[in-house]
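File shown here: entry.txt, holding compact mmCIF, C-alpha atoms and all ligand atoms.
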# COMPACT_ATOMS: atom_id res chain seq x y z
CA MET A 840 -188.96 4.82 116.36
CA ILE A 841 -186.39 4.44 113.57
CA PRO A 842 -183.73 2.23 115.20
CA LEU A 843 -180.00 2.69 114.79
CA CYS A 844 -179.08 -0.69 113.36
CA VAL A 845 -181.17 -3.83 113.77
CA PRO A 846 -180.60 -7.27 112.25
CA GLU A 847 -182.19 -8.53 109.04
CA ILE A 848 -183.46 -12.07 109.69
CA SER A 849 -185.42 -13.15 106.65
CA GLY A 850 -183.44 -15.99 105.06
CA ASN A 851 -182.69 -19.57 106.11
CA GLU A 852 -182.07 -18.77 109.80
CA TRP A 853 -185.21 -20.53 111.11
CA ARG A 854 -184.68 -23.58 108.91
CA TYR A 855 -181.03 -24.14 109.86
CA ILE A 856 -181.58 -23.48 113.60
CA LYS A 857 -184.60 -25.82 113.61
CA GLU A 858 -182.43 -28.51 112.07
CA CYS A 859 -179.99 -28.16 115.02
CA LEU A 860 -182.88 -28.42 117.50
CA ASP A 861 -184.50 -31.35 115.69
CA THR A 862 -181.24 -33.30 115.58
CA ASN A 863 -180.05 -32.35 119.10
CA TRP A 864 -176.81 -30.82 117.76
CA VAL A 865 -177.09 -27.66 119.82
CA SER A 866 -173.70 -27.36 121.45
CA SER A 867 -170.15 -26.49 120.39
CA VAL A 868 -169.67 -29.47 118.10
CA GLY A 869 -171.78 -29.82 114.98
CA SER A 870 -171.75 -29.56 111.23
CA TYR A 871 -172.75 -25.87 111.17
CA VAL A 872 -169.66 -24.89 113.21
CA ASP A 873 -167.41 -26.41 110.54
CA LEU A 874 -169.59 -25.11 107.71
CA PHE A 875 -169.63 -21.55 109.06
CA GLU A 876 -165.82 -21.52 109.37
CA GLU A 877 -165.41 -22.97 105.88
CA LYS A 878 -167.91 -20.63 104.21
CA PHE A 879 -166.49 -17.59 106.02
CA ARG A 880 -162.94 -18.56 105.05
CA ALA A 881 -164.01 -18.92 101.43
CA TYR A 882 -165.84 -15.57 101.46
CA ILE A 883 -162.99 -13.65 103.05
CA GLN A 884 -160.32 -15.53 101.07
CA SER A 885 -158.10 -16.56 103.99
CA LYS A 886 -156.29 -19.82 104.70
CA ALA A 887 -157.87 -20.39 108.14
CA ALA A 888 -160.95 -19.30 110.09
CA VAL A 889 -161.75 -20.03 113.75
CA VAL A 890 -165.20 -19.19 115.06
CA THR A 891 -165.50 -17.67 118.56
CA MET A 892 -168.20 -16.63 121.03
CA ASN A 893 -167.78 -12.94 120.19
CA GLY A 894 -165.45 -10.42 118.56
CA THR A 895 -163.75 -9.59 121.86
CA ALA A 896 -162.77 -13.26 122.18
CA ALA A 897 -161.48 -13.24 118.59
CA ILE A 898 -159.18 -10.25 119.33
CA THR A 899 -158.03 -11.82 122.63
CA LEU A 900 -157.36 -15.12 120.88
CA ALA A 901 -155.38 -13.31 118.18
CA LEU A 902 -153.13 -11.72 120.82
CA GLN A 903 -152.73 -15.07 122.63
CA THR A 904 -151.99 -16.93 119.38
CA LEU A 905 -149.23 -14.46 118.51
CA GLY A 906 -147.79 -14.66 122.02
CA ILE A 907 -148.41 -11.04 123.06
CA SER A 908 -148.04 -10.94 126.85
CA ARG A 909 -146.96 -9.07 129.98
CA GLY A 910 -144.66 -6.12 129.37
CA ASP A 911 -145.49 -5.82 125.65
CA GLU A 912 -146.96 -2.69 124.08
CA VAL A 913 -149.67 -2.69 121.42
CA ILE A 914 -150.51 0.39 119.34
CA VAL A 915 -154.25 0.98 118.89
CA PRO A 916 -156.48 4.00 118.09
CA SER A 917 -158.20 5.72 120.98
CA MET A 918 -161.41 6.35 119.06
CA THR A 919 -162.87 2.88 118.92
CA PHE A 920 -165.17 0.59 120.88
CA ILE A 921 -163.41 -0.45 124.09
CA ALA A 922 -163.35 -4.09 122.94
CA SER A 923 -160.46 -3.21 120.60
CA VAL A 924 -158.43 -2.28 123.69
CA ASN A 925 -159.50 -4.44 126.66
CA PRO A 926 -158.07 -7.67 125.17
CA ILE A 927 -154.60 -6.07 125.25
CA LYS A 928 -155.01 -5.74 129.03
CA TYR A 929 -156.41 -9.29 129.33
CA VAL A 930 -153.07 -10.69 128.08
CA GLY A 931 -151.09 -8.40 130.42
CA ALA A 932 -149.83 -6.03 127.71
CA GLU A 933 -150.37 -2.24 127.55
CA PRO A 934 -152.22 -0.27 124.87
CA VAL A 935 -150.46 2.79 123.41
CA PHE A 936 -152.94 5.16 121.79
CA VAL A 937 -152.56 6.65 118.33
CA ASP A 938 -154.54 9.44 116.68
CA ILE A 939 -156.96 9.15 113.73
CA THR A 940 -157.10 11.06 110.43
CA PRO A 941 -159.53 14.00 110.04
CA ASP A 942 -161.14 12.60 106.87
CA THR A 943 -161.36 8.80 107.27
CA TRP A 944 -161.72 8.81 111.10
CA VAL A 945 -159.53 5.70 111.39
CA MET A 946 -155.92 5.15 112.58
CA ASP A 947 -153.48 7.74 111.24
CA VAL A 948 -150.72 5.50 109.90
CA ASN A 949 -148.34 8.48 109.67
CA LYS A 950 -148.42 8.80 113.47
CA VAL A 951 -147.65 5.15 114.28
CA GLU A 952 -143.88 5.05 113.84
CA GLU A 953 -143.18 7.70 116.48
CA LEU A 954 -144.91 5.51 119.11
CA ILE A 955 -142.83 2.38 118.50
CA THR A 956 -140.42 1.38 121.29
CA GLU A 957 -138.41 -1.77 121.97
CA ARG A 958 -141.47 -3.05 123.88
CA THR A 959 -143.87 -2.68 120.95
CA LYS A 960 -145.01 -6.09 119.70
CA ALA A 961 -148.17 -5.45 117.71
CA ILE A 962 -150.46 -2.90 116.09
CA ILE A 963 -154.26 -3.14 116.02
CA PRO A 964 -155.72 -1.08 113.16
CA VAL A 965 -159.49 -0.71 113.64
CA HIS A 966 -161.59 -0.48 110.46
CA LEU A 967 -164.17 1.74 112.10
CA TYR A 968 -167.78 2.08 110.93
CA GLY A 969 -167.07 0.08 107.74
CA ASN A 970 -164.14 2.17 106.49
CA MET A 971 -160.55 0.90 106.31
CA VAL A 972 -157.14 1.90 107.68
CA ASP A 973 -154.44 2.56 105.06
CA MET A 974 -153.06 -0.96 105.28
CA GLU A 975 -150.21 -0.97 102.76
CA PRO A 976 -148.00 1.63 104.49
CA LEU A 977 -148.98 0.16 107.87
CA MET A 978 -147.72 -3.28 106.83
CA GLN A 979 -144.47 -1.68 105.63
CA ILE A 980 -143.96 -0.15 109.10
CA ALA A 981 -144.82 -3.49 110.72
CA GLN A 982 -142.30 -5.28 108.53
CA LYS A 983 -139.57 -2.70 109.25
CA TYR A 984 -139.95 -3.12 113.04
CA ARG A 985 -140.99 -6.82 112.96
CA LEU A 986 -144.39 -6.19 114.53
CA TYR A 987 -147.58 -8.19 114.29
CA VAL A 988 -150.71 -6.59 112.85
CA ILE A 989 -154.11 -7.73 114.14
CA GLU A 990 -156.89 -6.13 112.10
CA ASP A 991 -159.99 -5.29 114.12
CA ALA A 992 -162.37 -5.78 111.22
CA THR A 993 -165.39 -6.28 113.47
CA GLU A 994 -167.19 -3.34 111.84
CA ALA A 995 -165.94 -3.80 108.31
CA LEU A 996 -166.90 -7.26 107.11
CA GLY A 997 -166.76 -7.19 103.30
CA ALA A 998 -164.80 -3.91 103.01
CA GLU A 999 -161.90 -4.06 100.56
CA TYR A 1000 -158.51 -2.42 100.08
CA ARG A 1001 -156.53 -2.10 96.85
CA LEU A 1002 -152.78 -2.59 97.07
CA LYS A 1003 -150.45 -0.66 94.74
CA ASP A 1004 -150.18 -3.76 92.51
CA GLY A 1005 -153.89 -3.30 91.74
CA THR A 1006 -155.21 -6.34 93.66
CA TRP A 1007 -158.19 -5.97 96.02
CA HIS A 1008 -158.17 -7.63 99.46
CA LYS A 1009 -160.89 -8.00 102.05
CA ALA A 1010 -160.55 -6.30 105.46
CA GLY A 1011 -158.91 -8.72 107.87
CA THR A 1012 -156.68 -10.44 105.30
CA LEU A 1013 -153.93 -7.85 104.94
CA GLY A 1014 -152.52 -8.12 108.48
CA HIS A 1015 -151.24 -11.24 110.21
CA VAL A 1016 -154.58 -12.00 111.87
CA GLY A 1017 -158.06 -10.48 111.46
CA ALA A 1018 -161.00 -10.41 113.90
CA PHE A 1019 -164.73 -10.10 113.17
CA SER A 1020 -167.87 -9.72 115.28
CA PHE A 1021 -171.39 -11.05 114.70
CA ASN A 1022 -172.99 -9.03 117.48
CA GLY A 1023 -176.65 -8.07 116.90
CA ASN A 1024 -175.89 -4.76 115.19
CA LYS A 1025 -173.12 -6.04 112.90
CA LEU A 1026 -173.35 -6.59 109.15
CA ILE A 1027 -174.20 -10.24 109.73
CA THR A 1028 -175.25 -11.51 113.14
CA THR A 1029 -175.42 -14.70 115.18
CA GLY A 1030 -176.78 -12.81 118.21
CA ALA A 1031 -173.29 -12.93 119.65
CA GLY A 1032 -170.31 -14.32 117.81
CA GLY A 1033 -166.92 -13.70 116.29
CA MET A 1034 -164.31 -15.09 113.93
CA LEU A 1035 -160.52 -15.10 113.80
CA ILE A 1036 -158.97 -15.40 110.36
CA THR A 1037 -155.38 -15.73 109.20
CA ASN A 1038 -153.36 -16.71 106.16
CA ASN A 1039 -150.91 -18.60 108.36
CA LYS A 1040 -152.21 -22.16 108.76
CA GLU A 1041 -150.07 -22.80 111.85
CA TRP A 1042 -151.54 -19.77 113.62
CA GLY A 1043 -155.00 -20.94 112.56
CA GLU A 1044 -154.38 -24.36 114.11
CA ARG A 1045 -152.92 -22.80 117.27
CA ALA A 1046 -155.93 -20.47 117.59
CA LYS A 1047 -158.36 -23.39 117.23
CA TYR A 1048 -156.39 -25.39 119.83
CA LEU A 1049 -156.31 -22.52 122.36
CA SER A 1050 -160.01 -21.77 121.79
CA ASN A 1051 -160.97 -25.35 122.67
CA GLN A 1052 -159.21 -25.73 126.07
CA THR A 1053 -156.10 -27.14 124.26
CA LYS A 1054 -158.02 -30.42 124.19
CA THR A 1055 -156.35 -33.50 122.70
CA ILE A 1056 -158.28 -36.79 122.68
CA LEU A 1057 -156.28 -39.78 123.89
CA ALA A 1058 -156.43 -43.29 122.40
CA ASN A 1059 -158.79 -44.37 125.19
CA GLY A 1060 -161.09 -41.41 124.53
CA GLY A 1061 -159.87 -39.35 127.50
CA PHE A 1062 -158.91 -35.68 127.33
CA TYR A 1063 -155.37 -34.36 127.61
CA HIS A 1064 -154.36 -30.67 127.97
CA GLU A 1065 -150.76 -29.68 127.32
CA GLU A 1066 -151.20 -26.02 128.40
CA VAL A 1067 -153.77 -23.58 129.77
CA GLY A 1068 -156.51 -23.12 127.18
CA TYR A 1069 -159.78 -21.22 126.86
CA ASN A 1070 -163.37 -21.91 125.92
CA TYR A 1071 -164.14 -19.43 123.14
CA ARG A 1072 -166.29 -21.86 121.12
CA MET A 1073 -169.51 -20.96 119.37
CA PRO A 1074 -172.47 -23.37 119.65
CA ASN A 1075 -173.85 -25.08 116.56
CA ILE A 1076 -177.20 -23.21 116.83
CA LEU A 1077 -175.47 -19.85 116.46
CA ALA A 1078 -173.19 -21.11 113.71
CA ALA A 1079 -176.34 -22.24 111.83
CA MET A 1080 -177.61 -18.66 112.01
CA GLY A 1081 -174.21 -17.44 110.79
CA VAL A 1082 -174.36 -19.68 107.72
CA ALA A 1083 -177.82 -18.32 106.85
CA GLN A 1084 -176.70 -14.71 107.37
CA LEU A 1085 -173.55 -15.15 105.31
CA GLU A 1086 -175.68 -16.35 102.37
CA ARG A 1087 -177.12 -12.80 102.19
CA ILE A 1088 -173.99 -10.73 102.72
CA ASP A 1089 -173.67 -9.28 99.21
CA GLU A 1090 -177.29 -8.15 99.34
CA TYR A 1091 -176.77 -6.55 102.79
CA ILE A 1092 -173.70 -4.63 101.63
CA GLU A 1093 -175.51 -3.45 98.49
CA LYS A 1094 -178.34 -2.09 100.67
CA LYS A 1095 -175.90 -0.27 102.98
CA LEU A 1096 -174.22 1.34 99.95
CA GLN A 1097 -177.58 2.43 98.52
CA HIS A 1098 -178.56 3.94 101.87
CA ALA A 1099 -175.26 5.82 102.13
CA ALA A 1100 -175.63 7.19 98.59
CA LEU A 1101 -179.12 8.50 99.41
CA TYR A 1102 -177.96 10.03 102.72
CA ASN A 1103 -175.06 11.71 100.87
CA ASN A 1104 -177.44 13.19 98.28
CA LEU A 1105 -179.91 14.50 100.83
CA LEU A 1106 -177.37 15.88 103.32
CA ARG A 1107 -174.76 17.19 100.88
CA ASP A 1108 -175.84 20.84 100.85
CA ILE A 1109 -176.56 21.33 104.53
CA GLN A 1110 -174.18 23.89 105.99
CA GLY A 1111 -172.05 22.49 108.81
CA ILE A 1112 -172.78 18.84 108.07
CA GLN A 1113 -169.69 16.92 106.97
CA LEU A 1114 -170.17 13.67 105.07
CA PRO A 1115 -168.02 10.53 105.24
CA THR A 1116 -165.16 10.30 102.77
CA GLN A 1117 -163.98 7.27 100.90
CA LYS A 1118 -160.44 6.81 99.58
CA GLU A 1119 -160.24 5.58 96.01
CA ASN A 1120 -158.31 2.47 97.12
CA VAL A 1121 -160.99 1.45 99.67
CA LYS A 1122 -164.44 -0.10 99.21
CA HIS A 1123 -166.19 1.19 102.34
CA VAL A 1124 -169.18 -0.96 103.43
CA GLN A 1125 -170.97 1.88 105.28
CA TRP A 1126 -171.79 -0.39 108.21
CA LEU A 1127 -172.95 2.66 110.17
CA TYR A 1128 -173.60 5.83 108.17
CA CYS A 1129 -171.84 8.72 109.94
CA ILE A 1130 -171.73 12.51 109.76
CA LEU A 1131 -169.80 15.23 111.57
CA VAL A 1132 -171.69 18.20 112.99
CA ASN A 1133 -169.50 21.28 112.63
CA GLU A 1134 -169.99 24.58 114.44
CA SER A 1135 -171.45 26.31 111.37
CA TYR A 1136 -174.49 23.99 111.58
CA GLY A 1137 -175.57 26.15 114.51
CA LEU A 1138 -176.84 23.34 116.72
CA SER A 1139 -174.48 21.23 118.84
CA ARG A 1140 -173.93 17.56 118.08
CA ASP A 1141 -175.68 16.49 121.29
CA ALA A 1142 -178.61 18.84 120.66
CA LEU A 1143 -179.04 17.30 117.21
CA ILE A 1144 -179.05 13.79 118.76
CA GLN A 1145 -181.80 14.97 121.15
CA LYS A 1146 -183.76 16.59 118.30
CA LEU A 1147 -183.60 13.35 116.29
CA LYS A 1148 -184.75 11.42 119.37
CA ASP A 1149 -187.70 13.82 119.82
CA HIS A 1150 -188.69 12.93 116.24
CA GLY A 1151 -188.48 9.18 116.95
CA ILE A 1152 -185.08 8.71 115.33
CA MET A 1153 -182.31 6.86 117.10
CA SER A 1154 -178.73 8.02 116.56
CA ARG A 1155 -175.51 7.69 118.56
CA PRO A 1156 -172.47 9.87 119.21
CA PHE A 1157 -169.08 8.57 118.00
CA PHE A 1158 -167.12 6.44 120.47
CA GLU A 1159 -165.61 8.44 123.31
CA SER A 1160 -161.80 8.36 123.38
CA ILE A 1161 -160.55 5.36 125.33
CA HIS A 1162 -157.53 7.33 126.63
CA THR A 1163 -159.97 9.41 128.71
CA MET A 1164 -161.55 6.35 130.41
CA PRO A 1165 -160.43 5.46 133.99
CA PRO A 1166 -158.67 2.15 133.16
CA TYR A 1167 -156.52 3.83 130.50
CA ILE A 1168 -155.96 7.44 131.62
CA GLY A 1169 -152.28 6.88 132.44
CA ASN A 1170 -151.43 4.96 129.28
CA LYS A 1171 -148.91 6.20 126.72
CA LYS A 1172 -150.35 8.07 123.76
CA GLY A 1173 -149.38 10.28 120.87
CA SER A 1174 -151.01 13.61 120.07
CA MET A 1175 -154.78 13.19 120.27
CA ASP A 1176 -155.70 16.46 118.52
CA VAL A 1177 -157.85 14.91 115.79
CA THR A 1178 -159.38 12.25 118.05
CA ASN A 1179 -160.39 14.88 120.60
CA GLN A 1180 -162.20 16.90 117.92
CA ILE A 1181 -163.86 14.09 115.96
CA THR A 1182 -165.26 12.28 119.01
CA LYS A 1183 -167.16 15.49 119.88
CA LYS A 1184 -168.62 16.00 116.39
CA GLY A 1185 -169.55 12.55 115.07
CA ILE A 1186 -172.98 10.93 114.88
CA ASN A 1187 -174.04 7.49 113.66
CA LEU A 1188 -177.37 7.70 111.82
CA PRO A 1189 -179.91 4.86 111.33
CA SER A 1190 -178.27 2.20 109.19
CA SER A 1191 -180.26 -1.04 109.37
CA VAL A 1192 -180.25 -3.14 106.21
CA GLY A 1193 -184.06 -2.94 106.27
CA LEU A 1194 -184.15 0.89 106.42
CA THR A 1195 -186.55 2.33 103.85
CA VAL A 1196 -186.11 5.27 101.48
CA ASP A 1197 -188.91 7.08 103.33
CA GLU A 1198 -187.18 6.59 106.67
CA ILE A 1199 -183.92 8.03 105.31
CA LYS A 1200 -185.91 11.02 103.99
CA ILE A 1201 -187.46 11.53 107.45
CA VAL A 1202 -184.01 11.50 109.10
CA CYS A 1203 -182.57 13.96 106.57
CA LYS A 1204 -185.62 16.21 106.76
CA CYS A 1205 -185.15 16.42 110.51
CA ILE A 1206 -181.48 17.40 110.09
CA GLN A 1207 -182.42 19.89 107.34
CA GLY A 1208 -185.35 21.15 109.43
CA TRP A 1209 -183.07 22.86 111.91
CA VAL A 1210 -181.63 25.04 109.11
CA TYR A 1211 -185.16 26.29 108.24
CA GLU A 1212 -185.97 26.88 111.92
CA LYS A 1213 -182.71 28.82 112.29
CA GLU A 1214 -183.34 30.91 109.15
CA ASN A 1215 -186.97 31.60 110.03
CA SER A 1216 -186.14 32.68 113.55
CA CYS A 1217 -183.48 35.05 112.09
CA ASN A 1218 -185.98 36.44 109.54
CA ASN A 1219 -188.58 36.97 112.25
CA GLY A 1220 -185.96 38.72 114.32
CA ASN A 1221 -185.17 41.04 111.41
CA LYS A 1222 -188.84 41.91 110.90
CA SER A 1223 -189.54 42.84 114.50
C1 LIG A 1301 -164.53 -1.86 116.96
C2 LIG A 1301 -165.02 -3.07 117.70
N1 LIG A 1301 -164.11 -3.93 118.20
C3 LIG A 1301 -164.48 -5.04 118.85
C4 LIG A 1301 -165.82 -5.35 119.03
C5 LIG A 1301 -166.16 -6.56 119.85
O1 LIG A 1301 -167.09 -7.39 119.32
P1 LIG A 1301 -168.13 -8.20 120.27
O2 LIG A 1301 -169.14 -7.24 120.74
O3 LIG A 1301 -168.66 -9.24 119.34
O4 LIG A 1301 -167.33 -8.79 121.37
C6 LIG A 1301 -166.80 -4.51 118.49
C7 LIG A 1301 -168.25 -4.78 118.56
O5 LIG A 1301 -168.97 -4.81 119.41
C8 LIG A 1301 -166.39 -3.32 117.83
O6 LIG A 1301 -167.29 -2.45 117.36
Represent the structure from my file as structure tokens, please.
Amino acid sequence: MIPLCVPEISGNEWRYIKECLDTNWVSSVGSYVDLFEEKFRAYIQSKAAVVTMNGTAAITLALQTLGISRGDEVIVPSMTFIASVNPIKYVGAEPVFVDITPDTWVMDVNKVEELITERTKAIIPVHLYGNMVDMEPLMQIAQKYRLYVIEDATEALGAEYRLKDGTWHKAGTLGHVGAFSFNGNKLITTGAGGMLITNNKEWGERAKYLSNQTKTILANGGFYHEEVGYNYRMPNILAAMGVAQLERIDEYIEKKLQHAALYNNLLRDIQGIQLPTQKENVKHVQWLYCILVNESYGLSRDALIQKLKDHGIMSRPFFESIHTMPPYIGNKKGSMDVTNQITKKGINLPSSVGLTVDEIKIVCKCIQGWVYEKENSCNNGNKS
């Protein structure tokens, strides 16, 4: 089986985790927790970084830090993993769904303004599959209406965006707060994990405080809690793995880009297969390599997924629209024309860092194979 996206664990992970076990520093306090936050902050170029148990917690913490609460509305794309949306509900606010663009498959910034009401408090652009939302015009809208922007950068660690002044910025650092995930399939993994980043030191301190049960240590060593807090902390063992993974990030991204370039070359000329696009002001990290299966391919998207599976190749359809799921059916939304089409056509292809050239050739041959089968069956039909 060629898996969809499995971790690459071949660096210092064992050594750093063993050190935690050998020294008994296994829980939520330890040098690797601080080191992971510091190294991540330095990599991403933000002023603060707060490590969390997962990406969902990082997004929830971002909303809590910015004071989003009951009665507020938050604009978010419908085509995303549900963890971009559920945290809005956790804090008592309501998601309002916005469409995506037909070429980048991420939030259509041109459709955001029409959804803003006096209840809107924040926007969550999701940098899906390693691509990025058009952040500069989005931040202009946010500034005009005094809204917060929380970047869901869980799938786009290392992606970059160029502002009109020519400077490049990493995904997560252009909004007010950014959230990352280190789930098993993500660019770097700690098994489960997340990170909140921000360029506002006060928000960073508030996020850390909320994530640690608002714990203050009294002069006598006792604990004091000024308000209701949460336990979103990551244990030292996982942070140790994060430090080891982060050491390899440039190499991982380079591999993903090489894989995407090879996929593009091999799939380019297949009728009905649409390749991912990249805007010239975005450095896409190709976290999951994606294609669209158009009607002219002659085989449905789901039939292609089954065909790949029959050949031992794992793939996955694009995320289903969240506005069609029971908890969110009644929620406000804009036109979903593009979302409704793209969710039915998209496929994620195998994208592990450790994928080999031969494996990519096998996947592409299988996709190409259908065209030969189709042509041969037509030719046979003509002969008879
Ligand atoms: C777009 C998106 N948002 C949020 C999350 C939540 O991350 P986690 O699974 O670490 O909670 C994920 C990943 O799973 C994701 O893909």
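The nearest approach to Ala992 (chain A) among the residues A:Trp1007, A:Trp1126, A:Phe936, A:Tyr1048, with only C-alpha atoms taken into account, belongs to A:Trp1126.
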### Task
Using all atoms listed in the file, find each protein or nucleic acid residue lying at most 9 Å from ligand LIG 1301 (chain A); present the set as number ranges by chain.
A: 892-898, 919-924, 965-968, 991-995, 1018-1025, 1030-1033
#### Entry: Nearest to Val972 (chain A) by atom-to-atom distance, counting all atoms listed in the file, from A:Thr940, A:Thr1182, A:Ser1050, A:Thr1006
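With all atoms listed in the file as the atom set, the closest residue is A:Thr940.
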Once 5 Å is added on each side, what centre and edge lengths in Å to one decimal does the axis-aligned box around all listed atoms of region 1153-1165 of chain A have, as AutoDock Vina command-line options?
--center_x -169.9 --center_y 7.6 --center_z 125.3 --size_x 34.8 --size_y 14.5 --size_z 27.4
#### Entry: Distance query 12 Å from (-178.0, -8.5, 101.0) using all atoms listed in the file, result as a ChimeraX atom specification
/A:846-850,997,1026-1027,1083-1097,1124,1191-1193
### Task
Calculate how many Å separate CA of Lys1184 (chain A) from CA of Asn1215 (chain A), rounding to one decimal.
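So the two atoms, CA of Lys1184 (chain A) and CA of Asn1215 (chain A), lie 24.9 Å apart.
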#### Entry: d(CA of Gly1137 (chain A), CA of Met1175 (chain A)) in Å
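Separation between CA of Gly1137 (chain A) and CA of Met1175 (chain A): 25.2 Å.
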### Query
With only C-alpha atoms as the basis for distance, which of A:Ser917, A:Thr891, A:Gln903, A:Ser867 is at the shortest distance from Gly1173 (chain A)?
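Ranked by minimum distance to Gly1173 (chain A), first place goes to A:Ser917.
The closest residue to Ile1199 (chain A), picked from A:Ile1161, A:Ile1152, A:Met1073, A:Ala961 and counting only C-alpha atoms, is A:Ile1152.
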### Task
Rank nothing, just name the residue among A:Ile1206, A:Tyr855, A:Asn925, A:Ala1142 nearest to Arg1107 (chain A), using only C-alpha atoms.
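Nearest candidate to Arg1107 (chain A) out of A:Ile1206, A:Tyr855, A:Asn925, A:Ala1142: A:Ile1206.
Atom to atom, CA of Asn1170 (chain A) and CA of Ala981 (chain A) stand 21.4 Å apart.
Nearest to Pro916 (chain A) of all the residues A:Leu1077, A:His1098, A:Asp947, A:Ile1168 is A:Asp947, based on all atoms listed in the file.
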Find the residues around Ile1076 (chain A) up to 9 Å (all atoms listed in the file counted), leave out those fewer than 3 positions away in its own chain, and share them as a tab-separated table (two decimals) with C-alpha atoms, in the coordinates of the input.
chain	number	residue	atom	x	y	z
A	855	TYR	CA	-181.03	-24.14	109.86
A	856	ILE	CA	-181.58	-23.48	113.60
A	857	LYS	CA	-184.60	-25.82	113.61
A	858	GLU	CA	-182.43	-28.51	112.07
A	859	CYS	CA	-179.99	-28.16	115.02
A	860	LEU	CA	-182.88	-28.42	117.50
A	864	TRP	CA	-176.81	-30.82	117.76
A	865	VAL	CA	-177.09	-27.66	119.82
A	866	SER	CA	-173.70	-27.36	121.45
A	867	SER	CA	-170.15	-26.49	120.39
A	869	GLY	CA	-171.78	-29.82	114.98
A	871	TYR	CA	-172.75	-25.87	111.17
A	872	VAL	CA	-169.66	-24.89	113.21
A	1029	THR	CA	-175.42	-14.70	115.18
A	1073	MET	CA	-169.51	-20.96	119.37
A	1079	ALA	CA	-176.34	-22.24	111.83
A	1080	MET	CA	-177.61	-18.66	112.01
A	1081	GLY	CA	-174.21	-17.44	110.79
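Those residues that approach Gly1169 (chain A) to within 12 Å, counting only C-alpha atoms, are Glu933, Pro934, Val935, Phe936, Ile1161, His1162 and Thr1163 of chain A; same-chain residues fewer than 6 positions away are not listed.
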### Query
Could you tell me, as a ChimeraX atom specification, which residues have any atom at most 8 Å from (-161.2, -17.7, 114.7), counting all atoms listed in the file?
/A:887-891,897,900,1018,1033-1036,1043,1046-1047
Could those residues be written to a file, using C-alpha atoms, as a short mmCIF file (atom, residue, chain, number, x, y, z; two decimals), in the coordinates of the input?
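After the write, again.cif holds the following:
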data_model
loop_
_atom_site.label_atom_id
_atom_site.label_comp_id
_atom_site.auth_asym_id
_atom_site.auth_seq_id
_atom_site.Cartn_x
_atom_site.Cartn_y
_atom_site.Cartn_z
CA ALA A 887 -157.87 -20.39 108.14
CA ALA A 888 -160.95 -19.30 110.09
CA VAL A 889 -161.75 -20.03 113.75
CA VAL A 890 -165.20 -19.19 115.06
CA THR A 891 -165.50 -17.67 118.56
CA ALA A 897 -161.48 -13.24 118.59
CA LEU A 900 -157.36 -15.12 120.88
CA ALA A 1018 -161.00 -10.41 113.90
CA GLY A 1033 -166.92 -13.70 116.29
CA MET A 1034 -164.31 -15.09 113.93
CA LEU A 1035 -160.52 -15.10 113.80
CA ILE A 1036 -158.97 -15.40 110.36
CA GLY A 1043 -155.00 -20.94 112.56
CA ALA A 1046 -155.93 -20.47 117.59
CA LYS A 1047 -158.36 -23.39 117.23
#
### 9 Å contact set for Arg1155 (chain A), only C-alpha atoms, chain neighbours under 5 positions out, as a PyMOL selection string
chain A and resi 843+1144+1185-1189
